[in-house]
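Trainee: Dropping in query.cif, which is mmCIF, C-alpha atoms:
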data_final
loop_
_atom_site.label_atom_id
_atom_site.label_comp_id
_atom_site.auth_asym_id
_atom_site.auth_seq_id
_atom_site.Cartn_x
_atom_site.Cartn_y
_atom_site.Cartn_z
CA MET A 819 38.29 77.08 -49.61
CA PHE A 820 39.55 75.86 -46.23
CA THR A 821 37.45 73.07 -44.72
CA LEU A 822 37.42 72.03 -41.07
CA GLU A 823 39.70 69.13 -41.95
CA ASP A 824 42.15 71.54 -43.59
CA TYR A 825 42.14 73.69 -40.46
CA LEU A 826 42.86 70.71 -38.23
CA THR A 827 45.59 69.39 -40.54
CA SER A 828 47.28 72.79 -40.76
CA PHE A 829 47.04 73.37 -37.02
CA THR A 830 48.39 69.89 -36.18
CA GLY A 831 51.36 70.28 -38.54
CA SER A 832 52.14 73.74 -37.20
CA LEU A 833 51.81 72.55 -33.61
CA ILE A 834 54.27 69.68 -34.17
CA ALA A 835 56.75 72.02 -35.84
CA HIS A 836 56.44 74.54 -32.99
CA ALA A 837 56.97 71.81 -30.39
CA ALA A 838 60.19 70.70 -32.10
CA LEU A 839 61.31 74.33 -32.39
CA ALA A 840 60.68 74.82 -28.65
CA VAL A 841 62.89 71.83 -27.84
CA TYR A 842 65.74 73.27 -29.89
CA LEU A 843 65.23 76.74 -28.41
CA PHE A 844 65.72 75.33 -24.91
CA VAL A 845 69.06 73.91 -26.08
CA ILE A 846 70.11 77.03 -27.99
CA MET A 847 69.26 79.40 -25.13
CA ASP A 848 71.20 77.10 -22.75
CA VAL A 849 68.33 76.78 -20.27
CA ARG A 850 69.01 75.76 -16.66
CA GLY A 851 66.15 74.38 -14.58
CA TRP A 852 62.47 73.93 -15.37
CA ARG A 853 61.12 77.42 -14.67
CA MET A 854 60.76 78.18 -18.41
CA LEU A 855 58.25 75.36 -18.93
CA LYS A 856 55.46 77.41 -17.41
CA LYS A 857 55.84 79.91 -20.26
CA LEU A 858 55.35 77.28 -22.97
CA PRO A 859 51.52 77.49 -23.16
CA LEU A 860 51.68 80.99 -24.61
CA LEU A 861 53.62 79.58 -27.56
CA LEU A 862 50.41 77.78 -28.61
CA LEU A 863 49.10 81.11 -29.88
CA SER A 864 51.61 80.98 -32.72
CA PRO A 865 50.35 77.80 -34.47
CA LEU A 866 46.78 78.99 -33.97
CA ALA A 867 47.54 82.38 -35.50
CA SER A 868 49.55 80.81 -38.33
CA THR A 869 46.63 78.53 -39.19
CA LEU A 870 44.21 81.47 -39.37
CA LEU A 871 46.77 83.41 -41.42
CA ALA A 872 47.16 80.48 -43.83
CA ALA A 873 43.39 80.34 -44.34
CA SER A 874 43.22 84.10 -44.94
CA LEU A 875 46.09 84.03 -47.43
CA TYR A 876 44.52 81.10 -49.25
CA ALA A 877 41.31 83.05 -49.62
CA LEU A 878 43.14 86.12 -50.94
CA PHE A 879 45.83 84.40 -53.05
CA PRO A 880 44.57 80.93 -54.00
CA ASN A 881 47.02 80.59 -56.90
CA HIS A 882 50.19 81.83 -55.19
CA GLY A 883 51.33 78.95 -53.02
CA VAL A 884 54.97 80.06 -52.78
CA PHE A 885 53.96 83.57 -51.73
CA ARG A 886 51.59 82.20 -49.07
CA TYR A 887 54.32 79.92 -47.73
CA CYS A 888 56.90 82.73 -47.51
CA VAL A 889 54.53 85.13 -45.76
CA GLY A 890 53.36 82.44 -43.36
CA SER A 891 56.92 81.33 -42.53
CA PHE A 892 58.06 84.89 -41.85
CA ALA A 893 55.01 85.54 -39.66
CA ILE A 894 55.78 82.41 -37.62
CA LEU A 895 59.40 83.55 -37.31
CA VAL A 896 58.31 86.92 -35.92
CA MET A 897 55.73 85.41 -33.53
CA CYS A 898 58.22 82.91 -32.13
CA THR A 899 60.79 85.69 -31.77
CA LEU A 900 58.37 87.72 -29.69
CA TRP A 901 57.70 84.68 -27.50
CA VAL A 902 61.44 84.05 -26.97
CA ARG A 903 61.99 87.70 -26.16
CA TRP A 904 59.25 87.57 -23.54
CA ALA A 905 60.16 84.15 -22.16
CA TRP A 906 63.90 84.80 -21.79
CA ARG A 907 63.64 88.57 -21.33
CA THR A 908 66.25 89.19 -23.98
CA GLU A 909 66.61 91.73 -26.78
CA PHE A 910 64.78 91.29 -30.08
CA TRP A 911 67.78 90.48 -32.31
CA ARG A 912 69.13 87.90 -29.89
CA ALA A 913 65.72 86.20 -29.83
CA PHE A 914 65.44 86.47 -33.63
CA SER A 915 68.84 84.78 -34.07
CA ALA A 916 67.89 81.95 -31.73
CA VAL A 917 64.61 81.32 -33.58
CA CYS A 918 66.43 81.30 -36.95
CA MET A 919 68.91 78.77 -35.61
CA GLY A 920 66.13 76.66 -34.13
CA GLY A 921 64.26 76.82 -37.43
CA VAL A 922 67.30 75.43 -39.25
CA PHE A 923 67.45 72.50 -36.84
CA GLN A 924 63.69 71.94 -37.10
CA VAL A 925 63.83 71.75 -40.91
CA SER A 926 66.86 69.44 -40.88
CA THR A 927 65.06 67.18 -38.38
CA SER A 928 62.14 66.95 -40.78
CA CYS A 929 64.55 66.00 -43.58
CA LEU A 930 66.19 63.31 -41.49
CA SER A 931 62.78 61.91 -40.62
CA GLN A 932 61.93 61.80 -44.32
CA ILE A 933 65.15 59.88 -45.05
CA LEU A 934 64.35 57.30 -42.37
CA LEU A 935 60.84 56.93 -43.70
CA LEU A 936 62.09 56.38 -47.25
CA ASN A 937 64.33 53.56 -46.08
CA SER A 938 61.95 51.80 -43.70
CA GLU A 939 58.50 50.31 -43.61
CA LEU A 940 57.28 52.60 -40.85
CA GLN A 941 54.28 54.68 -41.82
CA PHE A 942 54.04 57.08 -38.88
CA THR A 943 55.98 60.25 -39.54
CA ALA A 944 55.35 61.62 -36.04
CA VAL A 945 56.93 58.53 -34.46
CA ILE A 946 60.14 58.97 -36.42
CA TYR A 947 60.03 62.73 -35.89
CA TRP A 948 59.85 62.47 -32.12
CA VAL A 949 62.68 59.97 -32.04
CA VAL A 950 64.96 62.22 -34.07
CA VAL A 951 64.17 65.47 -32.20
CA PRO A 952 65.25 64.44 -28.67
CA ILE A 953 68.32 62.58 -29.94
CA SER A 954 69.56 65.55 -31.98
CA ALA A 955 68.72 67.97 -29.14
CA LEU A 956 70.67 65.81 -26.69
CA LEU A 957 73.63 65.73 -29.09
CA LEU A 958 73.60 69.52 -29.35
CA HIS A 959 73.42 69.78 -25.58
CA ARG A 960 76.42 67.48 -25.17
CA LEU A 961 78.35 69.61 -27.66
CA ARG A 962 77.49 72.67 -25.52
CA PHE A 963 76.00 74.32 -28.58
CA GLY A 964 73.98 76.83 -26.55
CA HIS A 965 77.09 77.90 -24.66
CA TRP A 966 79.03 78.63 -27.86
CA PHE A 967 76.00 80.19 -29.55
CA ARG A 968 75.73 82.82 -26.82
CA PHE A 969 79.30 83.99 -27.53
CA LEU A 970 78.36 84.93 -31.09
CA LEU A 971 75.42 87.04 -29.95
CA GLU A 972 77.29 89.17 -27.47
CA ALA A 973 77.75 92.77 -28.37
CA GLY A 974 81.00 93.66 -30.06
CA PHE A 975 81.45 90.44 -32.01
CA GLY A 976 79.65 91.32 -35.25
CA GLN A 977 76.18 90.84 -33.79
CA ARG A 978 74.45 92.26 -36.85
CA ARG A 979 76.46 90.10 -39.24
CA THR A 980 75.65 87.04 -37.15
CA VAL A 981 71.92 87.84 -37.25
CA LEU A 982 71.99 88.31 -41.03
CA PHE A 983 73.94 85.08 -41.51
CA LEU A 984 71.50 83.06 -39.42
CA PHE A 985 68.48 84.60 -41.14
CA ALA A 986 70.02 83.78 -44.52
CA GLN A 987 70.49 80.17 -43.44
CA GLU A 988 66.91 79.93 -42.23
CA ALA A 989 65.68 81.44 -45.52
CA ALA A 990 67.80 78.91 -47.42
CA MET A 991 66.26 76.05 -45.44
CA GLU A 992 62.74 77.26 -46.14
CA THR A 993 63.67 77.54 -49.83
CA PHE A 994 64.83 73.93 -49.79
CA LEU A 995 61.44 72.91 -48.41
CA ILE A 996 59.71 74.73 -51.26
CA LEU A 997 61.98 73.10 -53.86
CA GLN A 998 61.33 69.67 -52.38
CA VAL A 999 58.04 69.49 -54.30
CA GLY A 1000 59.84 69.38 -57.64
CA ILE A 1001 62.48 66.80 -56.71
CA GLN A 1002 62.22 63.40 -58.39
CA PRO A 1003 61.66 60.57 -55.85
CA GLU A 1004 64.96 58.87 -56.70
CA TYR A 1005 66.85 62.08 -55.82
CA LEU A 1006 65.11 62.78 -52.52
CA VAL A 1007 67.70 61.01 -50.35
CA PRO A 1008 70.69 62.95 -51.80
CA TYR A 1009 68.57 66.11 -51.58
CA PHE A 1010 67.81 65.58 -47.90
CA MET A 1011 71.44 64.64 -47.23
CA LEU A 1012 72.49 67.97 -48.73
CA VAL A 1013 70.17 69.81 -46.33
CA LEU A 1014 71.57 67.83 -43.37
CA ALA A 1015 75.14 68.57 -44.49
CA MET A 1016 74.41 72.30 -44.61
CA THR A 1017 72.91 72.15 -41.12
CA ALA A 1018 75.91 70.25 -39.77
CA LEU A 1019 78.31 72.76 -41.35
CA GLU A 1020 76.40 75.69 -39.86
CA ALA A 1021 76.31 74.11 -36.39
CA GLY A 1022 80.02 73.29 -36.64
CA LEU A 1023 80.80 76.85 -37.73
CA VAL A 1024 78.91 78.27 -34.74
CA ILE A 1025 80.79 75.99 -32.33
CA TYR A 1026 84.14 76.75 -33.99
CA LEU A 1027 83.63 80.54 -33.91
CA GLY A 1028 82.42 80.36 -30.31
CA GLN A 1029 85.52 78.43 -29.28
CA ARG A 1030 87.76 80.87 -31.16
CA LEU A 1031 86.10 83.80 -29.42
CA ASP A 1032 86.44 82.09 -26.04
CA ALA A 1033 90.15 81.46 -26.68
CA ALA A 1034 90.64 85.08 -27.77
CA ARG A 1035 88.96 86.30 -24.59
CA LYS A 1036 91.14 84.11 -22.44
CA MET A 1037 94.23 85.48 -24.18
CA GLU A 1038 92.93 89.00 -23.66
CA ALA A 1039 92.32 88.26 -19.99
CA GLN A 1040 95.88 86.93 -19.65
CA ARG A 1041 97.29 90.06 -21.29
CA ASP A 1042 95.09 92.10 -18.97
CA VAL A 1043 96.51 90.34 -15.92
CA ILE A 1044 100.09 90.77 -17.15
CA ALA A 1045 99.56 94.48 -17.86
CA GLN A 1046 97.93 94.95 -14.47
CA GLN A 1047 100.81 93.19 -12.74
CA GLN A 1048 103.28 95.41 -14.58
CA LEU A 1049 101.35 98.48 -13.51
CA TYR A 1050 101.26 97.29 -9.89
CA GLU A 1051 105.00 96.54 -9.97
CA ARG A 1052 105.67 100.00 -11.33
CA ASP A 1053 103.52 101.53 -8.57
CA LEU A 1054 105.29 99.45 -5.91
CA GLU A 1055 108.66 100.59 -7.20
CA SER A 1056 107.42 104.17 -7.12
CA ILE A 1057 106.22 103.66 -3.52
CA ARG A 1058 109.64 102.28 -2.55
CA GLN A 1059 111.27 105.33 -4.07
CA GLU A 1060 108.91 107.57 -2.12
CA VAL A 1061 109.74 105.75 1.12
CA ARG A 1062 113.48 106.11 0.55
CA SER A 1063 113.10 109.79 -0.32
CA PHE A 1064 110.93 110.33 2.74
CA ARG A 1065 113.46 108.68 5.06
CA HIS A 1066 116.28 110.72 3.53
CA ASP A 1067 114.46 114.03 3.95
CA TYR A 1068 113.33 113.10 7.44
CA LYS A 1069 116.91 112.36 8.53
CA ASN A 1070 118.14 115.66 7.14
CA LEU A 1071 115.48 117.53 9.08
CA LEU A 1072 116.25 115.65 12.29
CA ALA A 1073 119.97 116.27 11.85
CA GLY A 1074 119.38 119.98 12.05
CA LEU A 1075 116.98 119.72 14.97
CA SER A 1076 119.48 120.55 17.69
CA GLU A 1077 120.84 123.63 15.96
CA GLN A 1078 117.35 124.84 15.07
CA ALA A 1079 116.17 124.28 18.66
CA ASP A 1080 118.90 126.56 20.00
CA GLU A 1081 117.69 129.28 17.72
CA GLY A 1082 114.04 128.87 18.79
CA GLU A 1083 112.74 127.63 15.46
CA LEU A 1084 110.92 124.50 16.68
CA ASP A 1085 107.62 125.76 15.24
CA GLU A 1086 109.13 125.99 11.79
CA LEU A 1087 110.53 122.47 12.14
CA ARG A 1088 107.17 121.09 13.20
CA ALA A 1089 105.55 122.75 10.17
CA ALA A 1090 108.22 121.36 7.84
CA LEU A 1091 107.89 117.84 9.28
CA SER A 1092 104.12 118.04 9.07
CA GLU A 1093 104.26 119.18 5.42
CA LEU A 1094 106.72 116.41 4.56
CA ASP A 1095 104.55 113.80 6.24
CA ALA A 1096 101.38 115.05 4.52
CA GLY A 1097 103.06 115.06 1.11
CA PHE A 1098 104.29 111.50 1.64
CA ASP A 1099 100.82 110.30 2.66
CA ARG A 1100 99.27 112.04 -0.33
CA ARG A 1101 101.66 110.52 -2.86
CA ILE A 1102 101.43 107.02 -1.41
CA GLY A 1103 97.67 107.33 -1.13
CA GLU A 1104 97.40 108.30 -4.80
CA LYS A 1105 99.33 105.20 -5.87
CA ILE A 1106 97.19 102.89 -3.76
CA ARG A 1107 93.98 104.64 -4.82
CA ALA A 1108 94.86 104.32 -8.52
CA SER A 1109 95.18 100.55 -8.15
CA THR A 1110 91.84 100.37 -6.34
CA GLN A 1111 90.08 102.52 -8.94
CA LEU A 1112 91.34 100.34 -11.77
CA GLY A 1113 89.90 97.26 -10.07
CA ASN A 1114 86.45 98.86 -10.23
CA VAL A 1115 86.53 98.82 -14.05
CA GLN A 1116 85.04 95.36 -14.61
CA ILE A 1117 84.63 95.50 -18.40
CA PRO A 1118 87.62 93.60 -19.88
CA GLN A 1119 87.85 95.67 -23.07
CA VAL A 1120 87.80 98.99 -21.21
CA ARG A 1121 90.15 97.82 -18.45
CA SER A 1122 92.67 96.48 -20.98
CA LEU A 1123 92.61 99.78 -22.87
CA LEU A 1124 93.09 101.76 -19.66
CA LEU A 1125 96.00 99.56 -18.62
CA SER A 1126 97.80 100.03 -21.93
CA LYS A 1127 97.14 103.79 -22.01
CA LEU A 1128 98.21 104.26 -18.37
CA ALA A 1129 101.43 102.37 -19.04
CA ALA A 1130 102.13 104.36 -22.22
CA MET A 1131 101.47 107.71 -20.52
CA GLY A 1132 103.62 106.70 -17.56
CA GLN A 1133 106.55 105.99 -19.87
CA LYS A 1134 106.13 109.46 -21.41
CA GLY A 1135 106.20 111.12 -18.00
CA ILE A 1136 102.51 112.00 -17.89
CA ASP A 1137 100.91 111.93 -14.47
CA CYS A 1138 97.68 109.98 -15.04
CA ARG A 1139 94.88 109.99 -12.47
CA LEU A 1140 92.05 107.50 -12.68
CA GLU A 1141 88.86 107.76 -10.65
CA ALA A 1142 86.20 105.02 -10.70
CA LEU A 1143 84.48 105.16 -7.32
CA TYR A 1144 81.84 102.55 -8.17
CA PRO A 1145 82.06 99.28 -10.16
CA VAL A 1146 81.73 99.86 -13.90
CA GLU A 1147 79.99 96.77 -15.27
CA ARG A 1148 78.29 98.04 -18.46
CA VAL A 1149 78.49 101.07 -20.73
CA GLY A 1150 75.02 101.31 -22.36
CA MET A 1151 76.41 101.17 -25.91
CA ASP A 1152 78.53 98.84 -28.01
CA VAL A 1153 81.53 98.15 -25.76
CA TRP A 1154 84.01 98.26 -28.65
CA ASP A 1155 82.64 101.62 -29.83
CA PHE A 1156 82.98 102.93 -26.28
CA ALA A 1157 86.57 101.65 -26.12
CA ARG A 1158 87.34 103.41 -29.41
CA CYS A 1159 85.87 106.66 -28.06
CA LEU A 1160 87.86 106.35 -24.85
CA GLY A 1161 91.06 105.63 -26.79
CA ILE A 1162 90.58 108.69 -29.00
CA LEU A 1163 89.97 110.97 -26.01
CA LEU A 1164 92.98 109.61 -24.11
CA ASP A 1165 95.30 109.92 -27.11
CA ASN A 1166 94.28 113.52 -27.72
CA ALA A 1167 94.58 114.36 -24.02
CA ALA A 1168 98.06 112.82 -23.79
CA GLU A 1169 99.30 114.70 -26.87
CA ALA A 1170 97.98 118.00 -25.56
CA ALA A 1171 99.36 117.40 -22.07
CA LEU A 1172 102.86 116.69 -23.39
CA GLU A 1173 103.05 120.26 -24.69
CA THR A 1174 102.81 121.64 -21.13
CA GLU A 1175 105.51 121.85 -18.46
CA MET A 1176 103.70 119.53 -16.04
CA PRO A 1177 101.72 117.04 -18.16
CA TRP A 1178 98.80 115.24 -16.56
CA VAL A 1179 95.61 113.49 -17.62
CA GLU A 1180 92.62 112.85 -15.37
CA ILE A 1181 90.06 110.12 -16.18
CA VAL A 1182 86.77 109.90 -14.31
CA LEU A 1183 84.35 107.00 -14.84
CA LEU A 1184 81.11 107.36 -12.93
CA SER A 1185 78.63 104.49 -13.08
CA GLN A 1186 75.06 105.44 -12.18
CA LYS A 1187 71.63 103.83 -12.39
CA ASP A 1188 70.73 105.77 -15.52
CA GLY A 1189 74.02 105.18 -17.34
CA LEU A 1190 77.74 105.89 -17.40
CA SER A 1191 79.61 109.20 -17.42
CA LEU A 1192 83.16 109.61 -18.72
CA ARG A 1193 85.29 112.72 -18.25
CA VAL A 1194 88.82 113.19 -19.59
CA SER A 1195 90.71 116.32 -18.51
CA ASN A 1196 94.15 117.60 -19.48
CA PRO A 1197 96.12 120.85 -19.44
CA TYR A 1198 96.57 122.75 -22.71
CA ILE A 1199 98.41 125.77 -24.05
CA GLY A 1200 97.40 128.05 -26.85
CA ALA A 1201 94.02 128.96 -28.27
CA ILE A 1202 91.18 126.60 -29.23
CA ASP A 1203 88.83 127.29 -32.11
CA PRO A 1204 85.47 125.63 -31.27
CA ASP A 1205 84.36 125.78 -34.92
CA LYS A 1206 87.32 123.75 -36.17
CA ILE A 1207 88.20 121.10 -33.57
CA TRP A 1208 85.55 118.70 -34.96
CA THR A 1209 86.57 119.26 -38.58
CA GLU A 1210 88.00 116.26 -40.45
CA GLY A 1211 91.79 116.61 -40.65
CA PHE A 1212 92.05 119.72 -38.48
CA SER A 1213 94.91 119.65 -35.98
CA THR A 1214 97.27 122.06 -34.29
CA LYS A 1215 100.05 119.49 -34.66
CA GLY A 1216 100.56 119.57 -38.39
CA GLU A 1217 99.35 117.87 -41.54
CA GLY A 1218 98.04 114.30 -41.42
CA ARG A 1219 96.63 114.61 -37.92
CA GLY A 1220 93.28 115.57 -36.47
CA LEU A 1221 91.29 112.51 -37.53
CA GLY A 1222 90.50 111.39 -33.99
CA LEU A 1223 87.77 113.77 -32.84
CA SER A 1224 85.92 113.64 -36.16
CA GLY A 1225 85.95 109.81 -35.96
CA TYR A 1226 84.76 110.15 -32.37
CA GLN A 1227 81.78 112.17 -33.58
CA ARG A 1228 80.95 109.62 -36.28
CA ILE A 1229 80.86 106.82 -33.70
CA LEU A 1230 78.52 108.80 -31.47
CA ALA A 1231 76.27 109.66 -34.42
CA ASP A 1232 75.27 105.97 -34.54
CA CYS A 1233 74.51 105.87 -30.81
CA PRO A 1234 71.40 107.92 -29.94
CA HIS A 1235 71.83 107.16 -26.22
CA ALA A 1236 75.24 108.88 -26.05
CA ALA A 1237 75.92 112.61 -25.78
CA SER A 1238 79.27 114.41 -25.71
CA SER A 1239 80.32 117.85 -24.53
CA THR A 1240 83.51 119.90 -24.57
CA SER A 1241 84.67 122.72 -22.34
CA TRP A 1242 87.88 124.54 -21.54
CA ALA A 1243 88.83 127.16 -18.95
CA ASP A 1244 91.87 128.21 -16.93
CA GLY A 1245 94.20 126.04 -18.99
CA VAL A 1246 92.18 122.81 -18.60
CA PHE A 1247 90.52 121.05 -21.54
CA ILE A 1248 87.63 118.72 -20.62
CA GLN A 1249 85.86 116.12 -22.76
CA GLU A 1250 82.72 114.50 -21.35
CA LEU A 1251 80.68 111.56 -22.62
CA LYS A 1252 77.33 110.54 -21.13
CA VAL A 1253 75.83 107.19 -22.13
CA GLU A 1254 72.30 106.51 -20.97
CA GLU A 1255 71.00 103.02 -20.32
CA LYS A 1256 68.66 101.72 -23.03
CA THR A 1257 65.12 101.23 -21.81
#
Could you spell out this file's structure in structure tokens?

Mentor:
Amino acid sequence: MFTLEDYLTSFTGSLIAHAALAVYLFVIMDVRGWRMLKKLPLLLLSPLASTLLAASLYALFPNHGVFRYCVGSFAILVMCTLWVRWAWRTEFWRAFSAVCMGGVFQVSTSCLSQILLLNSELQFTAVIYWVVVPISALLLHRLRFGHWFRFLLEAGFGQRRTVLFLFAQEAAMETFLILQVGIQPEYLVPYFMLVLAMTALEAGLVIYLGQRLDAARKMEAQRDVIAQQQLYERDLESIRQEVRSFRHDYKNLLAGLSEQADEGELDELRAALSELDAGFDRRIGEKIRASTQLGNVQIPQVRSLLLSKLAAMGQKGIDCRLEALYPVERVGMDVWDFARCLGILLDNAAEAALETEMPWVEIVLLSQKDGLSLRVSNPYIGAIDPDKIWTEGFSTKGEGRGLGLSGYQRILADCPHAASSTSWADGVFIQELKVEEKT
């Protein structure tokens, strides 16, 4: 039975552990400023609740210490996750990952304190503990651990795998604490050193993967800039060709002006000059507008894909029109899944357009408050069977094709916030994708 002294001891131990966890969370979440400190008092509910839970579990399962410890640890993990989610206004899995990482550091700090106590005459565990915590937190801050940790939690870089890995590490640390009871005193130092080594390896792995991801993004950004420059150069060359063609046609029309004037055909000349001028403005305007629209796509993965597809379609003689009137900053679903969907739609549109006399593909990206709309249009010839176009392996282009649209449907099946539609009329095939913002 829990006595008052047991309650106080349990609450004090839990409070100290929560305080150390909070210090590490501030480093892991890469906090700037002091505004988060005012949200710390609510974290006190967790050690209070964990103490009451420990007493309840002891009353129900007095002979199952390991079970009580596991249930209590998981409950603390969930409670701290909810606090982080509220304090930093982040999603649940991002908060859960941060708490798991902070828990690993908190356990390793306890182990280091135990090592120092075993090799010194100091008798106050809290004194050693609160010397180790700020020093290790400062070291992590100097290593920019929080900065690199955030890279691993961004969507598109195996977020689920990262969460599972961090939870497994936290579970392993808690298991080490349970096993500590059965370790012979002469083996405690090597045992604690093993725990510290695992923590150091995990922290080093996080930093290494974050740096690798940062380097990969910089390389992607460089390729993006190069591809965009190539596209701009191609558009400039096309504009120069238009200018030369315009000047040539204009001179030919002016050369015949005198003869046409004698025959009273000035009205026809004015109409011809006006049509030539309007066509020139339209073609030049389309080139300039395409460059402007591309600049509105501010998601690197999507912009890079569009650049490569626009360049590929241009080389095949496909007239590609892009419309993004407003900045596109988010897609409402996994960005890599969206890029895969966009790539599938563009590939299918380009293949279908190439079978027509005047191939073209139109891409419309419309960013709204409630989400993002994508529309890909292209000309087509022949008949379309609506019951077969989504079938695995079906294609009008022969055997071994037709895997794109079925894969497209499988991707969307895992995204409840996305909805697709297909329509065709008057020789135009249209694919639409609507992605709603998660609430």

Trainee: Which value, in Å to one decimal, gives the distance between atom CA of Leu1140 of chain A and atom CA of Leu1112 of chain A?

Mentor: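 Pair atom CA of Leu1140 of chain A / atom CA of Leu1112 of chain A returns 7.3 Å.
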
Trainee: Please report the interatomic distance between atom CA of Ile834 of chain A and atom CA of Trp904 of chain A in Å with one decimal.

Mentor: 21.4 Å

Trainee: Just say which residues the PyMOL selection byres ((chain A and resi 1124) around 10) picks in this file, as number ranges by chain.

Mentor: A: 1042, 1045-1046, 1112, 1115, 1118-1123, 1125-1130, 1140, 1157, 1160-1161, 1164, 1181

Trainee: Around the point (92.8, 130.2, -15.0), in the coordinates given by the file, pick out the residues reaching within 12 Å, counting all atoms listed in the file, and return them as a PDB file with C-alpha atoms, keeping the file's coordinate frame.

Mentor:
ATOM      1  CA  PRO A1197      96.120 120.850 -19.440  1.00  0.00           C
ATOM      2  CA  TYR A1198      96.570 122.750 -22.710  1.00  0.00           C
ATOM      3  CA  ILE A1199      98.410 125.770 -24.050  1.00  0.00           C
ATOM      4  CA  TRP A1242      87.880 124.540 -21.540  1.00  0.00           C
ATOM      5  CA  ALA A1243      88.830 127.160 -18.950  1.00  0.00           C
ATOM      6  CA  ASP A1244      91.870 128.210 -16.930  1.00  0.00           C
ATOM      7  CA  GLY A1245      94.200 126.040 -18.990  1.00  0.00           C
ATOM      8  CA  VAL A1246      92.180 122.810 -18.600  1.00  0.00           C
ATOM      9  CA  PHE A1247      90.520 121.050 -21.540  1.00  0.00           C
TER      10      PHE A1247
END

Trainee: Using the chain letters and numbers from the file, give me the residues hit by the PyMOL selection byres ((chain A and resi 861-864) around 9), as a ChimeraX atom specification.

Mentor: /A:832-833,836-837,840,857-860,865-869,893-894,897-898,901

Trainee: Might you pull out every residue within 9 Å of Arg903 of chain A, with only C-alpha atoms counted and same-chain residues fewer than 6 positions away left off, and present them as a ChimeraX atom specification?

Mentor: /A:909-914

Trainee: Can you work out the spacing between atom CA of Ala1021 of chain A and atom CA of Leu970 of chain A in Å, to one decimal?

Mentor: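 Those two atoms sit 12.2 Å apart.
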
Trainee: Residues picked by the PyMOL selection byres ((chain A and resi 876) around 12) here, as a ChimeraX atom specification?

Mentor: /A:819-821,824-825,869-875,877-887,889-890

Trainee: Could those selected residues go to a file with C-alpha atoms, as a CSV table (one decimal), in the frame of the given file?

Mentor:
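Dumped to out-v8.csv:
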chain,number,residue,atom,x,y,z
A,819,MET,CA,38.3,77.1,-49.6
A,820,PHE,CA,39.6,75.9,-46.2
A,821,THR,CA,37.4,73.1,-44.7
A,824,ASP,CA,42.2,71.5,-43.6
A,825,TYR,CA,42.1,73.7,-40.5
A,869,THR,CA,46.6,78.5,-39.2
A,870,LEU,CA,44.2,81.5,-39.4
A,871,LEU,CA,46.8,83.4,-41.4
A,872,ALA,CA,47.2,80.5,-43.8
A,873,ALA,CA,43.4,80.3,-44.3
A,874,SER,CA,43.2,84.1,-44.9
A,875,LEU,CA,46.1,84.0,-47.4
A,877,ALA,CA,41.3,83.0,-49.6
A,878,LEU,CA,43.1,86.1,-50.9
A,879,PHE,CA,45.8,84.4,-53.0
A,880,PRO,CA,44.6,80.9,-54.0
A,881,ASN,CA,47.0,80.6,-56.9
A,882,HIS,CA,50.2,81.8,-55.2
A,883,GLY,CA,51.3,79.0,-53.0
A,884,VAL,CA,55.0,80.1,-52.8
A,885,PHE,CA,54.0,83.6,-51.7
A,886,ARG,CA,51.6,82.2,-49.1
A,887,TYR,CA,54.3,79.9,-47.7
A,889,VAL,CA,54.5,85.1,-45.8
A,890,GLY,CA,53.4,82.4,-43.4

Trainee: May I have the protein, DNA and RNA residues with an atom at most 10 Å from (102.8, 120.4, -27.8), counting only C-alpha atoms in the file's coordinates, returned as an MDAnalysis selection string?

Mentor: chainID A and resid 1168:1175 1198:1200 1214:1215

Trainee: Residues near Val1149 of chain A, anyone? I mean within 9 Å using only C-alpha atoms, not counting same-chain ones fewer than 6 positions away, as an MDAnalysis selection string.

Mentor: chainID A and resid 1117 1156 1185 1189:1191 1253:1255

Trainee: Which polymer residues have any atom within 6 Å of an atom of Val1194 of chain A, counting only C-alpha atoms, with same-chain residues fewer than 3 positions away left out, as a PyMOL selection string?

Mentor: chain A and resi 1180-1181+1248-1249

Trainee: Write out the residues from the selection above, keeping C-alpha atoms, as a PDB file, in the coordinates of the input.

Mentor:
ATOM      1  CA  GLU A1180      92.620 112.850 -15.370  1.00  0.00           C
ATOM      2  CA  ILE A1181      90.060 110.120 -16.180  1.00  0.00           C
ATOM      3  CA  ILE A1248      87.630 118.720 -20.620  1.00  0.00           C
ATOM      4  CA  GLN A1249      85.860 116.120 -22.760  1.00  0.00           C
TER       5      GLN A1249
END

Trainee: Which residues are close to Leu957 of chain A, i.e. within 10 Å by only C-alpha atoms, leaving aside same-chain residues fewer than 6 positions away? Reply as a list of chain:residue names.

Mentor: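 Returned residues: A:Val845, A:Val951, A:Phe963.
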
Trainee: Choose the residue, out of A:Tyr842, A:Tyr1226, A:Trp906, A:Phe967, that has the smallest atom-to-atom separation from Gly920 of chain A; count only C-alpha atoms.

Mentor: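 Looking only at the distances to Gly920 of chain A, the closest residue turns out to be A:Tyr842.
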
Trainee: Find, counting all atoms listed in the file, the residue in A:Leu982, A:Leu839, A:Ala990, A:Ile1001 that gets nearest to Ser928 of chain A.

Mentor: A:Leu839

Trainee: Mind checking which residues fall within 10 Å of Ser915 of chain A, counting all atoms listed in the file, ignoring those fewer than 5 positions away in the same chain, and posting them as JSON, numbers by chain?

Mentor: {"A": [846, 899, 910, 920, 921, 967, 970, 971, 977, 978, 980, 981, 982, 983, 984, 985, 988]}

Trainee: Please enclose the listed atoms of segment 889-903 of chain A in an axis-aligned box, pad each side by 3 Å, and write out the centre and the three edge lengths in Å, rounded to one decimal, as JSON.

Mentor:
{"center_x": 57.7, "center_y": 84.5, "center_z": -36.0, "size_x": 14.6, "size_y": 12.4, "size_z": 25.6}
